[in-house]
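Note: the block below is start-v9.cif and it holds mmCIF, C-alpha atoms.
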data_my_file
#
loop_
_atom_site.label_atom_id
_atom_site.label_comp_id
_atom_site.auth_asym_id
_atom_site.auth_seq_id
_atom_site.Cartn_x
_atom_site.Cartn_y
_atom_site.Cartn_z
CA MET A 6 137.95 51.69 92.05
CA SER A 7 140.39 53.66 94.12
CA CYS A 8 139.17 57.03 95.38
CA SER A 9 140.75 59.54 97.74
CA VAL A 10 139.98 63.22 98.30
CA HIS A 11 143.17 65.28 98.59
CA ALA A 12 141.57 68.67 99.39
CA GLN A 13 138.29 70.26 100.36
CA LEU A 14 138.15 73.59 98.54
CA PRO A 15 139.26 74.65 95.05
CA THR A 16 140.84 77.71 96.65
CA GLY A 17 143.12 75.55 98.83
CA ARG A 18 146.19 73.67 97.69
CA PRO A 19 145.94 72.07 94.21
CA VAL A 20 143.61 69.09 94.00
CA ASN A 21 144.91 66.12 92.07
CA VAL A 22 142.00 64.55 90.24
CA THR A 23 142.97 61.72 87.92
CA VAL A 24 141.13 59.12 85.88
CA ASN A 25 143.19 56.04 85.06
CA GLY A 26 146.29 58.19 85.45
CA ILE A 27 145.01 61.08 83.31
CA ALA A 28 144.86 64.34 85.26
CA ILE A 29 141.91 66.73 85.08
CA ALA A 30 143.23 70.27 85.39
CA ARG A 31 142.10 72.33 88.35
CA ASP A 32 141.34 75.29 86.05
CA GLU A 33 139.09 73.06 83.95
CA ILE A 34 137.12 72.08 87.05
CA VAL A 35 136.73 75.73 88.01
CA ARG A 36 135.39 76.57 84.53
CA GLU A 37 132.96 73.65 84.71
CA MET A 38 131.51 74.97 87.99
CA GLN A 39 129.30 77.43 86.10
CA HIS A 40 127.20 74.48 84.92
CA HIS A 41 126.64 73.22 88.49
CA PRO A 42 125.06 75.94 90.64
CA ALA A 43 125.05 75.07 94.32
CA GLY A 44 124.61 76.73 97.67
CA LYS A 45 128.30 76.44 98.54
CA PRO A 46 131.42 76.65 96.32
CA ILE A 47 132.69 73.29 97.55
CA ALA A 48 129.46 71.59 96.43
CA ALA A 49 129.68 73.20 92.97
CA TRP A 50 133.34 72.19 92.71
CA GLN A 51 132.62 68.59 93.65
CA GLN A 52 129.74 68.36 91.16
CA ALA A 53 131.93 69.86 88.42
CA ALA A 54 134.79 67.48 89.18
CA ARG A 55 132.46 64.49 89.11
CA ALA A 56 131.01 65.55 85.76
CA LEU A 57 134.49 65.91 84.26
CA VAL A 58 135.57 62.54 85.65
CA ILE A 59 132.56 60.89 84.00
CA ARG A 60 133.26 62.72 80.75
CA GLU A 61 136.88 61.59 80.83
CA LEU A 62 135.81 58.01 81.48
CA LEU A 63 133.48 58.09 78.48
CA MET A 64 136.12 59.65 76.23
CA GLN A 65 138.73 57.08 77.28
CA GLU A 66 136.32 54.24 76.53
CA ALA A 67 135.35 55.81 73.19
CA ARG A 68 139.01 56.08 72.19
CA ARG A 69 139.53 52.43 73.16
CA LEU A 70 136.62 51.44 70.90
CA ASN A 71 137.63 53.85 68.09
CA ILE A 72 134.31 55.74 68.16
CA ALA A 73 134.40 58.44 65.47
CA PRO A 74 132.44 61.67 65.86
CA GLN A 75 129.29 62.03 63.78
CA PRO A 76 127.84 65.34 65.02
CA LEU A 77 124.10 65.98 64.81
CA THR A 78 122.41 69.35 64.39
CA GLU A 79 119.21 70.12 66.25
CA ASP A 80 117.36 73.45 66.44
CA GLY A 81 120.27 75.11 64.69
CA ARG A 82 122.88 73.84 67.19
CA ARG A 83 125.58 71.43 66.06
CA GLU A 84 127.08 68.94 68.49
CA THR A 85 130.75 69.29 69.30
CA ASP A 86 132.95 66.37 68.31
CA GLU A 87 133.29 65.43 71.97
CA GLU A 88 129.52 65.42 72.48
CA ALA A 89 129.08 63.33 69.32
CA ILE A 90 131.69 60.83 70.46
CA MET A 91 130.07 60.35 73.88
CA ARG A 92 126.63 60.00 72.31
CA GLY A 93 128.00 57.53 69.79
CA LEU A 94 129.56 55.47 72.58
CA ILE A 95 126.31 55.33 74.56
CA ASP A 96 124.28 54.50 71.45
CA ARG A 97 126.66 51.64 70.64
CA GLU A 98 127.13 50.20 74.11
CA VAL A 99 123.77 50.74 75.80
CA THR A 100 120.81 48.74 74.50
CA VAL A 101 117.46 50.12 75.58
CA PRO A 102 114.18 48.29 74.83
CA GLN A 103 111.40 50.51 73.51
CA ALA A 104 108.08 50.64 75.33
CA ASP A 105 105.47 48.66 73.39
CA ASP A 106 101.74 49.34 73.17
CA ALA A 107 100.89 46.97 76.03
CA THR A 108 103.42 48.62 78.37
CA CYS A 109 102.09 52.07 77.51
CA ARG A 110 98.50 50.95 78.12
CA ARG A 111 99.40 49.52 81.54
CA TYR A 112 100.99 52.85 82.50
CA TYR A 113 97.91 54.68 81.26
CA GLU A 114 95.57 52.49 83.31
CA ARG A 115 97.65 52.91 86.48
CA HIS A 116 98.12 56.70 86.19
CA GLN A 117 94.83 57.95 84.80
CA ALA A 118 94.85 61.01 87.05
CA GLN A 119 97.77 62.32 84.95
CA PHE A 120 95.67 62.20 81.80
CA ARG A 121 92.53 64.03 82.86
CA SER A 122 91.75 67.47 81.55
CA PRO A 123 91.51 69.93 84.47
CA ASP A 124 88.27 70.73 86.25
CA ILE A 125 86.90 74.16 85.26
CA TYR A 126 85.22 76.42 87.79
CA GLU A 127 82.99 79.40 87.08
CA ALA A 128 83.16 81.58 90.17
CA ALA A 129 82.71 85.06 91.57
CA HIS A 130 84.26 86.76 94.57
CA ILE A 131 84.37 89.94 96.59
CA LEU A 132 87.85 90.97 97.72
CA PHE A 133 88.38 93.05 100.85
CA ALA A 134 91.94 94.05 100.08
CA ALA A 135 94.50 94.37 102.89
CA LEU A 136 98.06 93.21 103.50
CA PRO A 137 98.54 90.80 106.42
CA ALA A 138 101.48 92.91 107.62
CA ASP A 139 99.12 95.87 108.20
CA LYS A 140 97.34 94.40 111.21
CA GLU A 141 94.88 97.27 111.61
CA ALA A 142 93.83 97.27 107.95
CA TYR A 143 93.70 93.46 107.93
CA ALA A 144 91.38 93.40 110.94
CA ARG A 145 89.18 96.06 109.36
CA ALA A 146 88.99 94.08 106.11
CA LEU A 147 87.93 90.97 108.02
CA ALA A 148 85.19 92.89 109.85
CA ASP A 149 83.93 94.34 106.57
CA ALA A 150 83.98 90.91 104.92
CA GLU A 151 82.02 89.36 107.78
CA GLY A 152 79.44 92.14 107.62
CA VAL A 153 78.93 91.80 103.86
CA LEU A 154 78.83 88.00 104.11
CA ALA A 155 76.05 88.26 106.70
CA ALA A 156 74.11 90.53 104.35
CA LEU A 157 74.58 88.05 101.50
CA VAL A 158 73.24 85.21 103.58
CA GLU A 159 70.03 87.23 103.89
CA ARG A 160 70.01 88.47 100.28
CA PRO A 161 72.27 86.31 98.07
CA GLU A 162 70.84 88.01 94.95
CA SER A 163 72.69 91.20 95.96
CA PHE A 164 76.13 89.62 95.34
CA ALA A 165 76.87 91.58 92.15
CA THR A 166 75.76 94.87 93.70
CA LEU A 167 77.89 94.38 96.82
CA ALA A 168 80.87 93.25 94.73
CA GLY A 169 80.66 96.49 92.78
CA ALA A 170 80.52 98.50 95.99
CA TYR A 171 83.14 96.70 98.10
CA SER A 172 85.50 94.54 96.02
CA GLY A 173 89.09 95.62 95.61
CA CYS A 174 89.48 93.38 92.56
CA SER A 175 89.05 94.52 88.96
CA SER A 176 86.32 91.88 88.68
CA ALA A 177 84.10 94.26 90.69
CA ALA A 178 83.06 95.84 87.38
CA GLN A 179 81.60 92.44 86.38
CA GLY A 180 79.81 91.90 89.67
CA GLY A 181 82.75 89.89 91.01
CA ASN A 182 82.63 87.40 88.13
CA LEU A 183 86.02 85.70 87.61
CA GLY A 184 84.99 83.74 84.55
CA GLN A 185 86.43 80.24 84.11
CA ILE A 186 89.39 79.26 86.26
CA THR A 187 91.33 76.02 86.73
CA THR A 188 93.72 74.55 89.26
CA GLY A 189 96.80 76.69 89.87
CA GLN A 190 95.30 79.99 88.71
CA THR A 191 94.48 81.30 92.20
CA THR A 192 96.20 81.28 95.57
CA PRO A 193 96.26 77.92 97.42
CA GLU A 194 93.88 79.22 100.11
CA PHE A 195 91.40 80.52 97.54
CA GLU A 196 91.58 77.29 95.54
CA LYS A 197 91.07 75.09 98.60
CA ALA A 198 87.92 77.02 99.53
CA LEU A 199 86.66 77.04 95.95
CA VAL A 200 86.98 73.29 95.31
CA ALA A 201 85.19 72.55 98.60
CA LEU A 202 82.05 74.35 97.37
CA SER A 203 79.17 72.85 95.44
CA PRO A 204 77.72 74.81 92.51
CA GLY A 205 75.45 77.55 93.81
CA ASP A 206 77.13 77.65 97.22
CA MET A 207 78.97 80.51 98.87
CA CYS A 208 81.76 80.18 101.42
CA ALA A 209 80.59 80.04 105.04
CA GLU A 210 83.24 82.49 106.23
CA PRO A 211 85.69 84.93 104.62
CA VAL A 212 88.72 83.26 103.07
CA ALA A 213 92.07 84.78 104.03
CA THR A 214 94.85 85.10 101.43
CA ARG A 215 97.90 87.33 101.06
CA TYR A 216 95.65 89.81 99.26
CA GLY A 217 93.10 90.17 102.05
CA PHE A 218 89.75 88.43 102.59
CA HIS A 219 87.45 86.93 99.94
CA ILE A 220 83.81 86.00 99.80
CA ILE A 221 83.66 83.24 97.20
CA ARG A 222 80.68 81.90 95.27
CA LEU A 223 80.87 78.89 92.97
CA ASP A 224 78.41 79.17 90.09
CA HIS A 225 79.27 76.14 87.93
CA LYS A 226 81.78 73.31 87.84
CA HIS A 227 82.78 71.39 84.69
CA ASP A 228 84.49 68.13 85.58
CA GLY A 229 87.65 67.25 83.72
CA LYS A 230 87.54 64.27 81.38
CA LEU A 231 89.93 61.38 80.89
CA LEU A 232 91.90 61.90 77.69
CA PRO A 233 91.74 58.93 75.30
CA PHE A 234 94.76 56.61 75.29
CA GLU A 235 95.37 57.28 71.59
CA LEU A 236 95.83 60.98 72.32
CA VAL A 237 98.53 60.45 74.96
CA ALA A 238 100.17 57.21 73.80
CA GLY A 239 103.11 59.01 72.18
CA ARG A 240 103.76 61.08 75.30
CA ILE A 241 103.68 57.95 77.48
CA ALA A 242 106.07 56.09 75.20
CA ASP A 243 108.51 59.01 75.19
CA TYR A 244 108.42 59.21 78.99
CA LEU A 245 108.91 55.47 79.51
CA ASN A 246 111.69 55.26 76.93
CA GLU A 247 113.52 58.22 78.47
CA SER A 248 113.20 56.73 81.96
CA VAL A 249 114.64 53.42 80.82
CA ARG A 250 117.38 55.19 78.86
CA ARG A 251 118.46 57.21 81.90
CA ARG A 252 118.65 54.12 84.10
CA ALA A 253 120.57 52.18 81.48
CA ASP A 254 123.02 55.06 80.92
CA ALA A 255 123.59 55.36 84.67
CA GLN A 256 124.23 51.63 84.99
CA TYR A 257 126.72 51.70 82.11
CA ILE A 258 128.62 54.64 83.62
CA ALA A 259 128.61 52.88 87.01
CA ARG A 260 130.33 49.90 85.36
CA LEU A 261 132.98 52.17 83.86
CA ILE A 262 133.53 53.78 87.26
CA SER A 263 133.89 50.43 89.02
CA ALA A 264 136.57 49.35 86.52
CA ALA A 265 138.53 52.60 86.69
CA THR A 266 141.18 54.00 89.00
CA ILE A 267 139.96 57.42 90.10
CA GLU A 268 141.90 59.67 92.46
CA GLY A 269 140.98 62.96 94.09
CA ILE A 270 137.17 62.84 94.12
CA ASP A 271 134.53 60.65 95.68
CA LEU A 272 131.94 59.67 93.07
CA ALA A 273 129.36 58.59 95.65
CA GLY A 274 126.09 60.30 94.67
CA ALA A 275 127.47 61.54 91.36
CA ASP A 276 124.83 62.46 88.77
CA ALA A 277 125.71 60.46 85.71
CA HIS A 278 123.49 62.66 83.52
CA ARG A 279 125.15 66.00 84.25
CA VAL A 280 127.79 65.62 81.55
CA HIS A 281 128.21 68.70 79.33
#
Would you mind giving the structure from this file in structure tokens?
Amino acid sequence: MSCSVHAQLPTGRPVNVTVNGIAIARDEIVREMQHHPAGKPIAAWQQAARALVIRELLMQEARRLNIAPQPLTEDGRRETDEEAIMRGLIDREVTVPQADDATCRRYYERHQAQFRSPDIYEAAHILFAALPADKEAYARALADAEGVLAALVERPESFATLAGAYSGCSSAAQGGNLGQITTGQTTPEFEKALVALSPGDMCAEPVATRYGFHIIRLDHKHDGKLLPFELVAGRIADYLNESVRRRADAQYIARLISAATIEGIDLAGADAHRVH
């Protein structure tokens, strides 16, 4: 493959990008940039140019092999002839083995954490609301939280009463009861403190979050359960097949690139899957 970059920016002098002698118009690259958001225009331009080079390579190979378009329709959208031709080429030229039951079971055994239902926590809290940016209010909220926490250590049965009197959360009306919550439903700081508790325990010190300070009590924990293989086998097979397909497609495109003469763009690091 022969590659040379003739310019750095699409706004500079015209960039000559060719694939086996076929030029890709600068205006076409600019239009393609909308599909490749990037922090800098040059990065978007390079990604767009690479995608169009790969598309041109596929179309040239499809024409050589006389691949005819057979568009598919999915979710009401019909493939363009160009999309159908590229898909037809890949389907014909790239052979991908399908994951069998034994392969799926091995993946299941090695990644069981992915197939557990989430742990469920039944918890209550008292929120002393204050924004960290308001240093005076934040310090006052911490002092209030520490005072109430000390009272709760002496009389833990007064949690609901004190939540109703002090909490800045709507759960105050339910004595601070948050109901059932799972991973990802609270702030990271709250969650870290919650999962460290044993059922019946209360945090040893107020927990700081962006909302203020919390006194947290864990009432019950329901451990997640491993989902049966039969329930997730289809999902595993789809994932493994897609992973193999992506690698095989990338290897096929890499072979086309190595056999081509490409001018005006460096394909190092090109994403072979970003072809529109």
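Put simply, the PyMOL selection byres ((chain A and resi 55) around 8) on this file hits Gln51, Gln52, Ala53, Ala54, Ala56, Leu57, Val58, Ile59, Ile270, Asp271, Leu272, Ala275 and Asp276 of chain A.
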Quiz prompt | Chain and number of each residue from the PyMOL selection byres ((chain A and resi 134-150) around 12), as an MDAnalysis selection string | solution = chainID A and resid 130:133 151:157 167:168 170:175 208:221
Restrict the selected residues to C-alpha atoms and save them as a PDB file, in the coordinates of the input.
ATOM      1  CA  HIS A 130      84.260  86.760  94.570  1.00  0.00           C
ATOM      2  CA  ILE A 131      84.370  89.940  96.590  1.00  0.00           C
ATOM      3  CA  LEU A 132      87.850  90.970  97.720  1.00  0.00           C
ATOM      4  CA  PHE A 133      88.380  93.050 100.850  1.00  0.00           C
ATOM      5  CA  GLU A 151      82.020  89.360 107.780  1.00  0.00           C
ATOM      6  CA  GLY A 152      79.440  92.140 107.620  1.00  0.00           C
ATOM      7  CA  VAL A 153      78.930  91.800 103.860  1.00  0.00           C
ATOM      8  CA  LEU A 154      78.830  88.000 104.110  1.00  0.00           C
ATOM      9  CA  ALA A 155      76.050  88.260 106.700  1.00  0.00           C
ATOM     10  CA  ALA A 156      74.110  90.530 104.350  1.00  0.00           C
ATOM     11  CA  LEU A 157      74.580  88.050 101.500  1.00  0.00           C
ATOM     12  CA  LEU A 167      77.890  94.380  96.820  1.00  0.00           C
ATOM     13  CA  ALA A 168      80.870  93.250  94.730  1.00  0.00           C
ATOM     14  CA  ALA A 170      80.520  98.500  95.990  1.00  0.00           C
ATOM     15  CA  TYR A 171      83.140  96.700  98.100  1.00  0.00           C
ATOM     16  CA  SER A 172      85.500  94.540  96.020  1.00  0.00           C
ATOM     17  CA  GLY A 173      89.090  95.620  95.610  1.00  0.00           C
ATOM     18  CA  CYS A 174      89.480  93.380  92.560  1.00  0.00           C
ATOM     19  CA  SER A 175      89.050  94.520  88.960  1.00  0.00           C
ATOM     20  CA  CYS A 208      81.760  80.180 101.420  1.00  0.00           C
ATOM     21  CA  ALA A 209      80.590  80.040 105.040  1.00  0.00           C
ATOM     22  CA  GLU A 210      83.240  82.490 106.230  1.00  0.00           C
ATOM     23  CA  PRO A 211      85.690  84.930 104.620  1.00  0.00           C
ATOM     24  CA  VAL A 212      88.720  83.260 103.070  1.00  0.00           C
ATOM     25  CA  ALA A 213      92.070  84.780 104.030  1.00  0.00           C
ATOM     26  CA  THR A 214      94.850  85.100 101.430  1.00  0.00           C
ATOM     27  CA  ARG A 215      97.900  87.330 101.060  1.00  0.00           C
ATOM     28  CA  TYR A 216      95.650  89.810  99.260  1.00  0.00           C
ATOM     29  CA  GLY A 217      93.100  90.170 102.050  1.00  0.00           C
ATOM     30  CA  PHE A 218      89.750  88.430 102.590  1.00  0.00           C
ATOM     31  CA  HIS A 219      87.450  86.930  99.940  1.00  0.00           C
ATOM     32  CA  ILE A 220      83.810  86.000  99.800  1.00  0.00           C
ATOM     33  CA  ILE A 221      83.660  83.240  97.200  1.00  0.00           C
TER      34      ILE A 221
END
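If you measure from each of A:Asp224, A:Arg260, A:Ala89, A:Glu61 to A:Pro76 using all atoms listed in the file, the closest one turns out to be A:Ala89.
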Quiz item: Written as a PyMOL selection string, what is the full residue list that the PyMOL selection byres ((chain A and resi 203) around 9) yields on the file shown?
Solution: chain A and resi 199-202+204-207+223-226
Output C-alpha atoms for every residue in the selection just made, as a PDB file, in the coordinates of the input.
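This went into result-v3.pdb:
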ATOM      1  CA  LEU A 199      86.660  77.040  95.950  1.00  0.00           C
ATOM      2  CA  VAL A 200      86.980  73.290  95.310  1.00  0.00           C
ATOM      3  CA  ALA A 201      85.190  72.550  98.600  1.00  0.00           C
ATOM      4  CA  LEU A 202      82.050  74.350  97.370  1.00  0.00           C
ATOM      5  CA  PRO A 204      77.720  74.810  92.510  1.00  0.00           C
ATOM      6  CA  GLY A 205      75.450  77.550  93.810  1.00  0.00           C
ATOM      7  CA  ASP A 206      77.130  77.650  97.220  1.00  0.00           C
ATOM      8  CA  MET A 207      78.970  80.510  98.870  1.00  0.00           C
ATOM      9  CA  LEU A 223      80.870  78.890  92.970  1.00  0.00           C
ATOM     10  CA  ASP A 224      78.410  79.170  90.090  1.00  0.00           C
ATOM     11  CA  HIS A 225      79.270  76.140  87.930  1.00  0.00           C
ATOM     12  CA  LYS A 226      81.780  73.310  87.840  1.00  0.00           C
TER      13      LYS A 226
END
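Among A:Gln75, A:Gln179, A:Gln185, A:Ser163, the residue with the shortest atom-to-atom distance to A:Glu127, counting all atoms listed in the file, is A:Gln185.
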Exercise. Fewer than 5 positions away in the same chain doesn't count, so skip those; otherwise give me all residues within 12 Å of stretch 77-79 of chain A, counting all atoms listed in the file, as a PyMOL selection string.
Key: chain A and resi 84-90+92-93
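One distance worth recording is that between atom CA of A:Arg240 and atom CA of A:Tyr126, which is 27.1 Å.
Taking atom CA of A:Ala48 and atom CA of A:Gly26 as endpoints, the distance between them is 24.2 Å.
What separates atom CA of A:Gly44 from atom CA of A:Gln256 is a distance of 28.1 Å.
Remark: for A:Arg222, the closest of the candidate residues A:Ile29, A:Ala104, A:Leu94, A:Ala198 is A:Ala198 (distances computed over only C-alpha atoms).
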